[in-house]
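Novice: I am sharing data20.pdb, which consists of PDB, C-alpha atoms and all ligand atoms:
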```
ATOM      1  CA  MET A   1       9.493   8.412  12.059
ATOM      2  CA  THR A   2       8.714   4.863  13.164
ATOM      3  CA  THR A   3      11.861   2.833  13.833
ATOM      4  CA  LEU A   4      12.242  -0.865  13.145
ATOM      5  CA  ARG A   5      12.402  -1.395  16.877
ATOM      6  CA  GLN A   6       9.114   0.447  17.495
ATOM      7  CA  LEU A   7       7.502  -1.611  14.738
ATOM      8  CA  ALA A   8       8.769  -4.840  16.223
ATOM      9  CA  VAL A   9       7.441  -3.809  19.643
ATOM     10  CA  GLU A  10       4.045  -2.957  18.114
ATOM     11  CA  THR A  11       3.878  -6.192  16.145
ATOM     12  CA  LEU A  12       4.799  -8.291  19.175
ATOM     13  CA  THR A  13       2.361  -6.347  21.357
ATOM     14  CA  HIS A  14      -0.392  -7.026  18.844
ATOM     15  CA  MET A  15       0.482 -10.727  18.749
ATOM     16  CA  VAL A  16       0.337 -10.929  22.531
ATOM     17  CA  GLU A  17      -2.931  -8.934  22.584
ATOM     18  CA  SER A  18      -4.477 -11.332  20.100
ATOM     19  CA  GLY A  19      -3.596 -14.380  22.155
ATOM     20  CA  GLN A  20      -0.297 -15.512  20.643
ATOM     21  CA  GLU A  21       2.054 -16.660  23.358
ATOM     22  CA  ARG A  22       4.774 -18.463  21.417
ATOM     23  CA  LEU A  23       6.989 -17.299  18.604
ATOM     24  CA  ALA A  24       9.688 -19.117  16.648
ATOM     25  CA  VAL A  25      12.753 -16.902  16.232
ATOM     26  CA  ASP A  26      16.101 -17.661  14.648
ATOM     27  CA  ASP A  27      19.450 -16.977  16.303
ATOM     28  CA  GLU A  28      19.863 -13.567  14.701
ATOM     29  CA  ALA A  29      16.430 -12.376  15.838
ATOM     30  CA  ARG A  30      17.016 -13.825  19.309
ATOM     31  CA  GLY A  31      20.285 -11.847  19.522
ATOM     32  CA  ILE A  32      18.561  -8.607  18.492
ATOM     33  CA  LEU A  33      15.712  -9.121  20.960
ATOM     34  CA  ARG A  34      18.168  -9.918  23.760
ATOM     35  CA  GLN A  35      20.077  -6.710  23.019
ATOM     36  CA  TRP A  36      16.847  -4.711  23.102
ATOM     37  CA  MET A  37      15.956  -6.270  26.455
ATOM     38  CA  LEU A  38      19.395  -5.320  27.824
ATOM     39  CA  ASP A  39      18.981  -1.774  26.493
ATOM     40  CA  ALA A  40      15.546  -1.579  28.092
ATOM     41  CA  ARG A  41      16.963  -2.691  31.450
ATOM     42  CA  LYS A  42      19.372   0.203  31.213
ATOM     43  CA  GLY A  43      16.274   2.359  31.115
ATOM     44  CA  SER A  44      15.946   4.145  27.811
ATOM     45  CA  GLN A  45      13.407   2.140  25.744
ATOM     46  CA  PRO A  46      10.450  -0.156  26.456
ATOM     47  CA  ALA A  47      11.220  -3.875  26.235
ATOM     48  CA  PRO A  48       9.481  -5.835  23.508
ATOM     49  CA  PRO A  49       6.814  -8.147  24.953
ATOM     50  CA  VAL A  50       8.351 -11.377  23.624
ATOM     51  CA  PRO A  51       5.872 -14.256  23.854
ATOM     52  CA  VAL A  52       7.723 -17.195  25.375
ATOM     53  CA  ALA A  53       5.541 -19.494  27.512
ATOM     54  CA  GLU A  54       6.369 -23.027  26.327
ATOM     55  CA  SER A  55       3.214 -24.732  27.532
ATOM     56  CA  THR A  56       0.688 -22.358  25.971
ATOM     57  CA  PRO A  57      -1.105 -23.297  22.737
ATOM     58  CA  ALA A  58       0.023 -22.038  19.346
ATOM     59  CA  PRO A  59      -2.129 -19.274  17.764
ATOM     60  CA  ARG A  60      -5.365 -20.594  16.313
ATOM     61  CA  ALA A  61      -4.259 -20.152  12.728
ATOM     62  CA  GLU A  62      -1.317 -22.454  13.396
ATOM     63  CA  GLN A  63      -3.322 -25.318  14.839
ATOM     64  CA  PRO A  64      -3.014 -28.433  12.696
ATOM     65  CA  GLU A  65      -6.658 -29.487  13.127
ATOM     66  CA  MET A  66      -7.875 -26.360  11.335
ATOM     67  CA  SER A  67      -8.542 -26.687   7.605
ATOM     68  CA  VAL A  68      -6.676 -24.375   5.234
ATOM     69  CA  GLU A  69      -9.945 -22.550   4.606
ATOM     70  CA  GLU A  70     -10.464 -22.010   8.339
ATOM     71  CA  LYS A  71      -6.909 -20.742   8.744
ATOM     72  CA  LEU A  72      -7.395 -18.278   5.894
ATOM     73  CA  ASP A  73     -10.745 -17.085   7.283
ATOM     74  CA  PHE A  74      -9.057 -16.504  10.613
ATOM     75  CA  LEU A  75      -6.211 -14.575   8.998
ATOM     76  CA  ARG A  76      -8.625 -12.541   6.869
ATOM     77  CA  GLN A  77     -10.438 -11.439  10.032
ATOM     78  CA  LYS A  78      -7.155 -10.643  11.776
ATOM     79  CA  ALA A  79      -5.941  -8.664   8.765
ATOM     80  CA  ALA A  80      -9.082  -6.501   8.634
ATOM     81  CA  ASP A  81      -8.085  -4.879  11.927
ATOM     82  CA  TRP A  82      -4.342  -5.474  11.868
ATOM     83  CA  LYS A  83      -3.097  -3.053  14.508
ATOM     84  CA  PRO A  84       0.565  -2.830  13.387
ATOM     85  CA  ALA A  85      -0.652  -1.594   9.991
ATOM     86  CA  ARG A  86      -3.480   0.590  11.309
ATOM     87  CA  ARG A  87      -1.187   2.315  13.810
ATOM     88  CA  LEU A  88       1.100   3.596  11.072
ATOM     89  CA  GLY A  89      -1.656   5.893   9.795
ATOM     90  CA  THR A  90      -0.187   5.757   6.283
ATOM     91  CA  LEU A  91      -2.343   2.971   4.833
ATOM     92  CA  ARG A  92      -5.924   3.320   3.652
ATOM     93  CA  GLU A  93      -8.832   1.755   5.518
ATOM     94  CA  LYS A  94     -10.013  -1.035   3.264
ATOM     95  CA  MET A  95      -8.254  -4.369   3.643
ATOM     96  CA  VAL A  96      -7.767  -6.431   0.482
ATOM     97  CA  PHE A  97      -6.816  -9.981   1.397
ATOM     98  CA  ALA A  98      -6.195 -12.622  -1.282
ATOM     99  CA  VAL A  99      -7.942 -14.589  -3.993
ATOM    100  CA  GLY A 100      -7.726 -18.021  -5.521
ATOM    101  CA  ASN A 101      -7.330 -21.626  -4.560
ATOM    102  CA  PRO A 102      -6.334 -22.333  -0.935
ATOM    103  CA  HIS A 103      -4.922 -25.678  -2.132
ATOM    104  CA  ALA A 104      -2.889 -24.158  -4.958
ATOM    105  CA  ARG A 105       0.651 -25.374  -5.596
ATOM    106  CA  LEU A 106       1.566 -21.979  -7.004
ATOM    107  CA  MET A 107       1.286 -18.789  -4.943
ATOM    108  CA  LEU A 108       1.869 -15.373  -6.497
ATOM    109  CA  VAL A 109       2.643 -12.442  -4.234
ATOM    110  CA  GLY A 110       2.417  -8.814  -5.349
ATOM    111  CA  GLU A 111       3.070  -5.577  -3.494
ATOM    112  CA  ALA A 112      -0.195  -3.889  -2.408
ATOM    113  CA  PRO A 113      -3.700  -3.244  -3.703
ATOM    114  CA  GLY A 114      -4.088  -0.332  -6.085
ATOM    115  CA  TYR A 115      -7.136   1.770  -6.902
ATOM    116  CA  GLU A 116      -9.078  -0.944  -8.715
ATOM    117  CA  GLU A 117      -8.173  -3.678  -6.217
ATOM    118  CA  GLU A 118      -9.353  -1.485  -3.337
ATOM    119  CA  ARG A 119     -12.592  -0.722  -5.186
ATOM    120  CA  GLN A 120     -13.322  -4.378  -5.973
ATOM    121  CA  GLY A 121     -11.792  -5.855  -2.806
ATOM    122  CA  GLU A 122      -9.685  -8.338  -4.758
ATOM    123  CA  PRO A 123      -5.953  -8.422  -5.571
ATOM    124  CA  PHE A 124      -4.770  -7.992  -9.141
ATOM    125  CA  VAL A 125      -7.988  -6.991 -10.894
ATOM    126  CA  GLY A 126      -6.753  -3.700 -12.418
ATOM    127  CA  PRO A 127      -4.630  -3.380 -15.574
ATOM    128  CA  ALA A 128      -1.619  -5.157 -14.011
ATOM    129  CA  GLY A 129      -3.928  -7.887 -12.778
ATOM    130  CA  GLN A 130      -5.413  -8.364 -16.224
ATOM    131  CA  LEU A 131      -1.921  -8.823 -17.610
ATOM    132  CA  LEU A 132      -1.148 -11.293 -14.816
ATOM    133  CA  THR A 133      -4.271 -13.255 -15.768
ATOM    134  CA  ARG A 134      -2.985 -13.391 -19.379
ATOM    135  CA  ILE A 135       0.450 -14.599 -18.236
ATOM    136  CA  LEU A 136      -1.226 -17.323 -16.183
ATOM    137  CA  GLY A 137      -3.321 -18.239 -19.229
ATOM    138  CA  ALA A 138      -0.148 -18.632 -21.293
ATOM    139  CA  MET A 139       1.083 -21.041 -18.595
ATOM    140  CA  GLY A 140      -2.158 -23.011 -18.974
ATOM    141  CA  LEU A 141      -3.524 -21.792 -15.643
ATOM    142  CA  GLN A 142      -6.604 -19.907 -14.523
ATOM    143  CA  ARG A 143      -6.755 -17.514 -11.579
ATOM    144  CA  SER A 144      -8.761 -20.164  -9.731
ATOM    145  CA  ASP A 145      -5.839 -22.620 -10.040
ATOM    146  CA  VAL A 146      -3.431 -20.402  -8.095
ATOM    147  CA  TYR A 147      -3.410 -18.345  -4.897
ATOM    148  CA  ILE A 148      -2.822 -14.614  -5.383
ATOM    149  CA  SER A 149      -1.943 -12.285  -2.517
ATOM    150  CA  ASN A 150       0.019  -9.166  -1.621
ATOM    151  CA  VAL A 151       2.734  -8.428   0.941
ATOM    152  CA  CYS A 152       0.801  -5.321   1.994
ATOM    153  CA  LYS A 153      -2.939  -5.717   2.539
ATOM    154  CA  PHE A 154      -3.926  -2.045   2.334
ATOM    155  CA  ARG A 155      -3.572   0.502  -0.433
ATOM    156  CA  PRO A 156      -0.791   2.918   0.587
ATOM    157  CA  SER A 157      -2.238   6.357   1.169
ATOM    158  CA  MET A 158      -1.220   9.459  -0.755
ATOM    159  CA  GLY A 159      -3.411  11.912   1.106
ATOM    160  CA  GLU A 160      -6.785  13.428   0.396
ATOM    161  CA  ASN A 161      -6.650  13.898  -3.352
ATOM    162  CA  GLN A 162      -5.188  10.509  -4.186
ATOM    163  CA  GLY A 163      -7.668   9.722  -6.951
ATOM    164  CA  THR A 164      -6.513   6.669  -8.884
ATOM    165  CA  SER A 165      -2.810   7.162  -8.039
ATOM    166  CA  ASN A 166      -0.938   4.432  -6.234
ATOM    167  CA  ARG A 167       2.418   4.204  -4.531
ATOM    168  CA  ALA A 168       4.672   1.370  -3.405
ATOM    169  CA  PRO A 169       4.500   0.447   0.300
ATOM    170  CA  SER A 170       7.266   1.856   2.531
ATOM    171  CA  PRO A 171       9.647  -0.447   4.469
ATOM    172  CA  GLU A 172       7.566   0.265   7.620
ATOM    173  CA  GLU A 173       4.339  -0.683   5.838
ATOM    174  CA  LEU A 174       5.918  -3.883   4.494
ATOM    175  CA  ALA A 175       7.246  -4.795   7.944
ATOM    176  CA  ALA A 176       3.866  -4.151   9.567
ATOM    177  CA  CYS A 177       2.030  -6.471   7.151
ATOM    178  CA  GLN A 178       4.737  -9.133   6.905
ATOM    179  CA  PRO A 179       3.359 -11.430   9.666
ATOM    180  CA  LEU A 180       0.137 -11.796   7.642
ATOM    181  CA  ILE A 181       1.717 -12.964   4.394
ATOM    182  CA  MET A 182       4.044 -15.262   6.346
ATOM    183  CA  ALA A 183       1.046 -16.845   8.059
ATOM    184  CA  GLU A 184      -0.703 -17.231   4.682
ATOM    185  CA  ILE A 185       2.325 -19.079   3.303
ATOM    186  CA  ARG A 186       2.283 -21.427   6.310
ATOM    187  CA  ALA A 187      -1.438 -22.034   5.790
ATOM    188  CA  ILE A 188      -1.281 -22.617   2.020
ATOM    189  CA  GLN A 189       2.063 -24.472   1.969
ATOM    190  CA  PRO A 190       2.476 -23.964  -1.773
ATOM    191  CA  ALA A 191       5.072 -25.882  -3.780
ATOM    192  CA  CYS A 192       6.401 -22.631  -5.208
ATOM    193  CA  ILE A 193       6.037 -18.864  -4.724
ATOM    194  CA  VAL A 194       6.547 -16.149  -7.333
ATOM    195  CA  CYS A 195       7.390 -12.684  -6.019
ATOM    196  CA  LEU A 196       5.968 -10.138  -8.432
ATOM    197  CA  GLY A 197       8.259  -7.128  -8.155
ATOM    198  CA  GLY A 198      10.783  -5.712  -5.718
ATOM    199  CA  SER A 199       8.396  -4.887  -2.850
ATOM    200  CA  SER A 200       7.245  -8.482  -2.740
ATOM    201  CA  ALA A 201      10.850  -9.714  -2.668
ATOM    202  CA  LYS A 202      11.630  -7.239   0.132
ATOM    203  CA  GLY A 203       8.648  -8.416   2.152
ATOM    204  CA  LEU A 204       9.247 -12.138   1.680
ATOM    205  CA  LEU A 205      13.012 -12.417   1.445
ATOM    206  CA  GLY A 206      14.073  -9.359   3.438
ATOM    207  CA  THR A 207      16.374  -8.308   0.611
ATOM    208  CA  GLN A 208      17.159  -4.777  -0.530
ATOM    209  CA  GLN A 209      18.242  -5.921  -3.990
ATOM    210  CA  GLY A 210      16.248  -5.067  -7.064
ATOM    211  CA  VAL A 211      14.450  -7.543  -9.299
ATOM    212  CA  SER A 212      17.163  -7.583 -11.987
ATOM    213  CA  ALA A 213      19.706  -8.811  -9.427
ATOM    214  CA  LEU A 214      17.318 -11.363  -7.937
ATOM    215  CA  ARG A 215      16.037 -12.977 -11.129
ATOM    216  CA  GLY A 216      17.375 -16.317 -12.313
ATOM    217  CA  GLN A 217      17.862 -17.860  -8.869
ATOM    218  CA  TRP A 218      15.847 -19.862  -6.402
ATOM    219  CA  PHE A 219      15.379 -18.467  -2.914
ATOM    220  CA  GLU A 220      13.503 -19.895   0.029
ATOM    221  CA  CYS A 221      10.824 -18.498   2.289
ATOM    222  CA  GLN A 222       9.746 -20.708   5.201
ATOM    223  CA  GLY A 223      10.962 -23.756   3.302
ATOM    224  CA  VAL A 224       9.106 -22.870   0.076
ATOM    225  CA  PRO A 225      11.111 -22.236  -3.132
ATOM    226  CA  VAL A 226      10.733 -18.640  -4.319
ATOM    227  CA  ARG A 227      11.358 -17.108  -7.734
ATOM    228  CA  VAL A 228      11.454 -13.329  -8.238
ATOM    229  CA  THR A 229      10.247 -11.707 -11.435
ATOM    230  CA  TYR A 230       9.187  -8.289 -12.688
ATOM    231  CA  HIS A 231       5.843  -6.918 -11.603
ATOM    232  CA  PRO A 232       3.212  -6.924 -14.390
ATOM    233  CA  SER A 233       2.898  -3.142 -13.994
ATOM    234  CA  TYR A 234       6.577  -2.888 -14.975
ATOM    235  CA  LEU A 235       5.696  -4.697 -18.196
ATOM    236  CA  LEU A 236       2.857  -2.227 -18.776
ATOM    237  CA  ARG A 237       5.302   0.666 -18.426
ATOM    238  CA  ASN A 238       8.110  -0.990 -20.358
ATOM    239  CA  GLU A 239       6.987  -2.463 -23.640
ATOM    240  CA  ALA A 240      10.422  -3.866 -24.551
ATOM    241  CA  LEU A 241      10.238  -7.432 -25.776
ATOM    242  CA  SER A 242      13.211  -8.274 -23.548
ATOM    243  CA  ALA A 243      11.223  -7.463 -20.385
ATOM    244  CA  ARG A 244       8.349  -9.722 -21.438
ATOM    245  CA  ARG A 245      10.804 -12.431 -22.416
ATOM    246  CA  SER A 246      12.443 -12.226 -18.977
ATOM    247  CA  VAL A 247       9.147 -12.728 -17.181
ATOM    248  CA  TRP A 248       8.263 -15.612 -19.460
ATOM    249  CA  GLU A 249      11.642 -17.286 -18.819
ATOM    250  CA  ASP A 250      10.990 -16.987 -15.084
ATOM    251  CA  MET A 251       7.561 -18.544 -15.506
ATOM    252  CA  LEU A 252       9.025 -21.430 -17.535
ATOM    253  CA  GLU A 253      11.395 -22.114 -14.627
ATOM    254  CA  VAL A 254       8.441 -22.102 -12.276
ATOM    255  CA  MET A 255       6.473 -24.483 -14.519
ATOM    256  CA  GLN A 256       9.443 -26.807 -14.661
ATOM    257  CA  ARG A 257       9.843 -26.716 -10.889
ATOM    258  CA  LEU A 258       6.155 -27.573 -10.497
ATOM    259  CA  GLY A 259       6.458 -30.448 -12.992
ATOM    260  CA  MET A 260       3.928 -28.817 -15.317
ATOM    261  CA  PRO A 261       3.948 -29.908 -18.963
ATOM    262  CA  ILE A 262       5.640 -27.351 -21.248
ATOM    263  CA  SER A 263       4.710 -27.463 -24.925
ATOM    264  CA  GLU A 264       7.095 -26.575 -27.712
ATOM    265  CA  LYS A 265       4.980 -23.506 -28.387
ATOM    266  CA  GLN A 266       5.301 -22.374 -24.757
ATOM    267  CA  GLN A 267       9.026 -23.111 -24.819
ATOM    268  CA  ASN A 268       9.425 -20.885 -27.856
ATOM    269  CA  TYR A 269       7.293 -17.857 -26.915
ATOM    270  CA  PHE A 270       9.403 -14.732 -27.406
ATOM    271  CA  ARG A 271      12.202 -16.643 -29.145
TER     272      ARG A 271
HETATM  273  N1  LIG B 301      -0.290  -4.531  -7.871
HETATM  274  C1  LIG B 301      -0.020  -5.371  -6.854
HETATM  275  O1  LIG B 301       1.130  -5.565  -6.503
HETATM  276  N2  LIG B 301      -1.023  -5.984  -6.263
HETATM  277  C2  LIG B 301      -2.281  -5.833  -6.637
HETATM  278  O2  LIG B 301      -3.134  -6.465  -6.043
HETATM  279  C3  LIG B 301      -2.524  -4.977  -7.716
HETATM  280  C4  LIG B 301      -1.531  -4.326  -8.318
END
```
Have the structure of the file written as structure tokens, please.

Specialist:
Amino acid sequence: MTTLRQLAVETLTHMVESGQERLAVDDEARGILRQWMLDARKGSQPAPPVPVAESTPAPRAEQPEMSVEEKLDFLRQKAADWKPARRLGTLREKMVFAVGNPHARLMLVGEAPGYEEERQGEPFVGPAGQLLTRILGAMGLQRSDVYISNVCKFRPSMGENQGTSNRAPSPEELAACQPLIMAEIRAIQPACIVCLGGSSAKGLLGTQQGVSALRGQWFECQGVPVRVTYHPSYLLRNEALSARRSVWEDMLEVMQRLGMPISEKQQNYFR
């Protein structure tokens, strides 16, 4: 089984291989990396190749002179052959990146492409995606007004006879793809992010808590306010009015945060 440490080593190796020579880390991460280096000096494990050179340029996707579109093109190309994900051997081949407006103020992040998304090469186009499009419509938004992505860019594999079945990404799969979604957030710089479901919250916020515990609060990811709500596929499985009402209440909070007009009719949906 792949350990967190092996994954971190692979991710950092890939970053170094693809030309990244600087990395911002917080105190906690610095402490963990230092400990790993000390362990490695004692001889048992390989040291992570931490990129540190101060004078070297930031990775291309981080360069301020690039347009958002250029940054996303760059990331899309990187994602297509993203070694940390490919090396796991548990994700399917086809990469499904993101869709929508690179200048959107609202970014929605789901878990991973499913059968239909893999087939069409676009996130949220299957039954859950159609429901998401209806929720956006109720907010007065079209898909082209927002940016829609996933924490995991590949459909998780279930072996040879997978058919139309899907599964949630594992913690290793989420960790492997996390640098991509983080870079997308830095490129888009949305005013607000909605995590659709628990996998998305795990990938963006690093939490192990479920959606019910996370709803009703604002979190932050790279300085962007984040709201967590149920995944549309949960609403498809659970027809209870209370579940739909919960998602709608979360979306009203998001609309308010974005300064969007809220009509009396919208205010009173599900009341
Ligand atoms: N579910 C997701 O989380 N993402 C998709 O793109 C489709 C279904």

Novice: Do you have, as JSON lines, the list of residues of chain A lying at most 7 Å from ligand LIG 301 (chain B), each with its nearest atom pair and that distance in Å to one decimal, counting only C-alpha atoms and all ligand atoms and ordered by chain then number?

Specialist:
```
{"residue": "A:Gly110", "atom": "CA", "partner": "B:LIG301", "partner_atom": "O1", "distance": 3.7}
{"residue": "A:Glu111", "atom": "CA", "partner": "B:LIG301", "partner_atom": "O1", "distance": 3.6}
{"residue": "A:Ala112", "atom": "CA", "partner": "B:LIG301", "partner_atom": "N2", "distance": 4.5}
{"residue": "A:Pro113", "atom": "CA", "partner": "B:LIG301", "partner_atom": "O2", "distance": 4.0}
{"residue": "A:Gly114", "atom": "CA", "partner": "B:LIG301", "partner_atom": "C3", "distance": 5.2}
{"residue": "A:Glu117", "atom": "CA", "partner": "B:LIG301", "partner_atom": "O2", "distance": 5.8}
{"residue": "A:Glu122", "atom": "CA", "partner": "B:LIG301", "partner_atom": "O2", "distance": 6.9}
{"residue": "A:Pro123", "atom": "CA", "partner": "B:LIG301", "partner_atom": "O2", "distance": 3.5}
{"residue": "A:Phe124", "atom": "CA", "partner": "B:LIG301", "partner_atom": "O2", "distance": 3.8}
{"residue": "A:Val125", "atom": "CA", "partner": "B:LIG301", "partner_atom": "C3", "distance": 6.6}
{"residue": "A:Gly126", "atom": "CA", "partner": "B:LIG301", "partner_atom": "C3", "distance": 6.5}
{"residue": "A:Ala128", "atom": "CA", "partner": "B:LIG301", "partner_atom": "C4", "distance": 5.8}
{"residue": "A:Gly129", "atom": "CA", "partner": "B:LIG301", "partner_atom": "C3", "distance": 6.0}
{"residue": "A:Ser149", "atom": "CA", "partner": "B:LIG301", "partner_atom": "O2", "distance": 6.9}
{"residue": "A:Asn150", "atom": "CA", "partner": "B:LIG301", "partner_atom": "N2", "distance": 5.7}
{"residue": "A:Leu196", "atom": "CA", "partner": "B:LIG301", "partner_atom": "O1", "distance": 6.9}
```

Novice: The PyMOL selection byres (((chain A and resi 94) around 7) and not hetatm) on the file shown: which residues, as a list in words?

Specialist: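 Expected selection for the PyMOL selection byres (((chain A and resi 94) around 7) and not hetatm) here is Arg92, Glu93, Met95, Val96, Glu118 and Phe154 of chain A.
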
Novice: Rounded to one decimal, what separation in Å do you get between atom CA of Val109 of chain A and atom CA of Ser200 of chain A?

Specialist: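 Calculated distance between atom CA of Val109 of chain A and atom CA of Ser200 of chain A is 6.3 Å.
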
Novice: Give me, please, the distance in Å between atom CA of Val151 of chain A and atom CA of Gln35 of chain A, quoted to one decimal.

Specialist: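 Interatomic distance here is 28.1 Å.
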
Novice: Selected by the PyMOL selection byres (((chain A and resi 213) around 12) and not hetatm) in the shown coordinates: which residues, as a list of chain:residue names?

Specialist: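 On the file shown, the PyMOL selection byres (((chain A and resi 213) around 12) and not hetatm) covers A:Gly197, A:Gly198, A:Ala201, A:Thr207, A:Gln208, A:Gln209, A:Gly210, A:Val211, A:Ser212, A:Leu214, A:Arg215, A:Gly216, A:Gln217, A:Arg227, A:Val228, A:Thr229, A:Tyr230.
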
Novice: Mind giving me the straight-line distance from atom CA of Val254 of chain A to atom CA of Pro169 of chain A in Å, one decimal?

Specialist: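 These atoms are spaced 26.1 Å apart.
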
Novice: Quick one: of A:Ile32, A:Ile188, A:Leu258, A:Leu88, who's nearest to Ala175 of chain A, counting only C-alpha atoms?

Specialist: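 That would be A:Leu88, the residue with the smallest distance to Ala175 of chain A.
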
Novice: Running the PyMOL selection byres (((chain A and resi 245) around 12) and not hetatm) on this model by hand, what would come out? Give it as a PDB file with C-alpha atoms, keeping the file's coordinate frame.

Specialist:
```
ATOM      1  CA  ILE A 135       0.450 -14.599 -18.236  1.00  0.00           C
ATOM      2  CA  THR A 229      10.247 -11.707 -11.435  1.00  0.00           C
ATOM      3  CA  TYR A 230       9.187  -8.289 -12.688  1.00  0.00           C
ATOM      4  CA  LEU A 235       5.696  -4.697 -18.196  1.00  0.00           C
ATOM      5  CA  ASN A 238       8.110  -0.990 -20.358  1.00  0.00           C
ATOM      6  CA  GLU A 239       6.987  -2.463 -23.640  1.00  0.00           C
ATOM      7  CA  ALA A 240      10.422  -3.866 -24.551  1.00  0.00           C
ATOM      8  CA  LEU A 241      10.238  -7.432 -25.776  1.00  0.00           C
ATOM      9  CA  SER A 242      13.211  -8.274 -23.548  1.00  0.00           C
ATOM     10  CA  ALA A 243      11.223  -7.463 -20.385  1.00  0.00           C
ATOM     11  CA  ARG A 244       8.349  -9.722 -21.438  1.00  0.00           C
ATOM     12  CA  SER A 246      12.443 -12.226 -18.977  1.00  0.00           C
ATOM     13  CA  VAL A 247       9.147 -12.728 -17.181  1.00  0.00           C
ATOM     14  CA  TRP A 248       8.263 -15.612 -19.460  1.00  0.00           C
ATOM     15  CA  GLU A 249      11.642 -17.286 -18.819  1.00  0.00           C
ATOM     16  CA  ASP A 250      10.990 -16.987 -15.084  1.00  0.00           C
ATOM     17  CA  MET A 251       7.561 -18.544 -15.506  1.00  0.00           C
ATOM     18  CA  LEU A 252       9.025 -21.430 -17.535  1.00  0.00           C
ATOM     19  CA  GLN A 266       5.301 -22.374 -24.757  1.00  0.00           C
ATOM     20  CA  GLN A 267       9.026 -23.111 -24.819  1.00  0.00           C
ATOM     21  CA  ASN A 268       9.425 -20.885 -27.856  1.00  0.00           C
ATOM     22  CA  TYR A 269       7.293 -17.857 -26.915  1.00  0.00           C
ATOM     23  CA  PHE A 270       9.403 -14.732 -27.406  1.00  0.00           C
ATOM     24  CA  ARG A 271      12.202 -16.643 -29.145  1.00  0.00           C
TER      25      ARG A 271
END
```

Novice: Looking at A:Lys265, A:Lys78, A:Lys153, A:Arg119, which one is nearest to Glu173 of chain A, with distances taken over only C-alpha atoms?

Specialist: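 Closest to Glu173 of chain A, using only C-alpha atoms: A:Lys153.
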
Novice: So, with only C-alpha atoms as the atoms that count, which of A:Ile185, A:Leu136, A:Leu106, A:Ala79 lies closest to Gly259 of chain A?

Specialist: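 Closest to Gly259 of chain A of all the choices is A:Leu106.
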
Novice: Some atoms are missing, so please complete segment 220-230 of chain A with N, CA, C and O atoms and return it as a PDB file, keeping the file's coordinate frame.

Specialist:
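Result went into selection08.pdb, see below:
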```
ATOM      1  N   GLU A 220      14.408 -19.119  -0.808  1.00  0.00           N
ATOM      2  CA  GLU A 220      13.503 -19.895   0.029  1.00  0.00           C
ATOM      3  C   GLU A 220      12.818 -18.993   1.033  1.00  0.00           C
ATOM      4  O   GLU A 220      13.448 -18.078   1.581  1.00  0.00           O
ATOM      5  N   CYS A 221      11.543 -19.211   1.240  1.00  0.00           N
ATOM      6  CA  CYS A 221      10.824 -18.498   2.289  1.00  0.00           C
ATOM      7  C   CYS A 221      10.055 -19.540   3.087  1.00  0.00           C
ATOM      8  O   CYS A 221       9.180 -20.211   2.523  1.00  0.00           O
ATOM      9  N   GLN A 222      10.392 -19.719   4.328  1.00  0.00           N
ATOM     10  CA  GLN A 222       9.746 -20.708   5.201  1.00  0.00           C
ATOM     11  C   GLN A 222       9.722 -22.089   4.536  1.00  0.00           C
ATOM     12  O   GLN A 222       8.718 -22.795   4.558  1.00  0.00           O
ATOM     13  N   GLY A 223      10.825 -22.429   3.902  1.00  0.00           N
ATOM     14  CA  GLY A 223      10.962 -23.756   3.302  1.00  0.00           C
ATOM     15  C   GLY A 223      10.352 -23.881   1.913  1.00  0.00           C
ATOM     16  O   GLY A 223      10.430 -24.937   1.296  1.00  0.00           O
ATOM     17  N   VAL A 224       9.743 -22.809   1.403  1.00  0.00           N
ATOM     18  CA  VAL A 224       9.106 -22.870   0.076  1.00  0.00           C
ATOM     19  C   VAL A 224      10.029 -22.202  -0.955  1.00  0.00           C
ATOM     20  O   VAL A 224      10.505 -21.083  -0.716  1.00  0.00           O
ATOM     21  N   PRO A 225      10.279 -22.866  -2.093  1.00  0.00           N
ATOM     22  CA  PRO A 225      11.111 -22.236  -3.132  1.00  0.00           C
ATOM     23  C   PRO A 225      10.454 -20.981  -3.705  1.00  0.00           C
ATOM     24  O   PRO A 225       9.246 -20.966  -3.945  1.00  0.00           O
ATOM     25  N   VAL A 226      11.253 -19.942  -3.866  1.00  0.00           N
ATOM     26  CA  VAL A 226      10.733 -18.640  -4.319  1.00  0.00           C
ATOM     27  C   VAL A 226      11.499 -18.178  -5.554  1.00  0.00           C
ATOM     28  O   VAL A 226      12.731 -18.229  -5.587  1.00  0.00           O
ATOM     29  N   ARG A 227      10.762 -17.725  -6.546  1.00  0.00           N
ATOM     30  CA  ARG A 227      11.358 -17.108  -7.734  1.00  0.00           C
ATOM     31  C   ARG A 227      10.913 -15.646  -7.778  1.00  0.00           C
ATOM     32  O   ARG A 227       9.752 -15.342  -7.464  1.00  0.00           O
ATOM     33  N   VAL A 228      11.805 -14.757  -8.160  1.00  0.00           N
ATOM     34  CA  VAL A 228      11.454 -13.329  -8.238  1.00  0.00           C
ATOM     35  C   VAL A 228      11.392 -12.919  -9.703  1.00  0.00           C
ATOM     36  O   VAL A 228      12.304 -13.230 -10.473  1.00  0.00           O
ATOM     37  N   THR A 229      10.331 -12.220 -10.066  1.00  0.00           N
ATOM     38  CA  THR A 229      10.247 -11.707 -11.435  1.00  0.00           C
ATOM     39  C   THR A 229       9.707 -10.276 -11.428  1.00  0.00           C
ATOM     40  O   THR A 229       9.322  -9.748 -10.388  1.00  0.00           O
ATOM     41  N   TYR A 230       9.689  -9.665 -12.605  1.00  0.00           N
ATOM     42  CA  TYR A 230       9.187  -8.289 -12.688  1.00  0.00           C
ATOM     43  C   TYR A 230       7.687  -8.248 -12.411  1.00  0.00           C
ATOM     44  O   TYR A 230       6.941  -9.175 -12.748  1.00  0.00           O
TER      45      TYR A 230
END
```
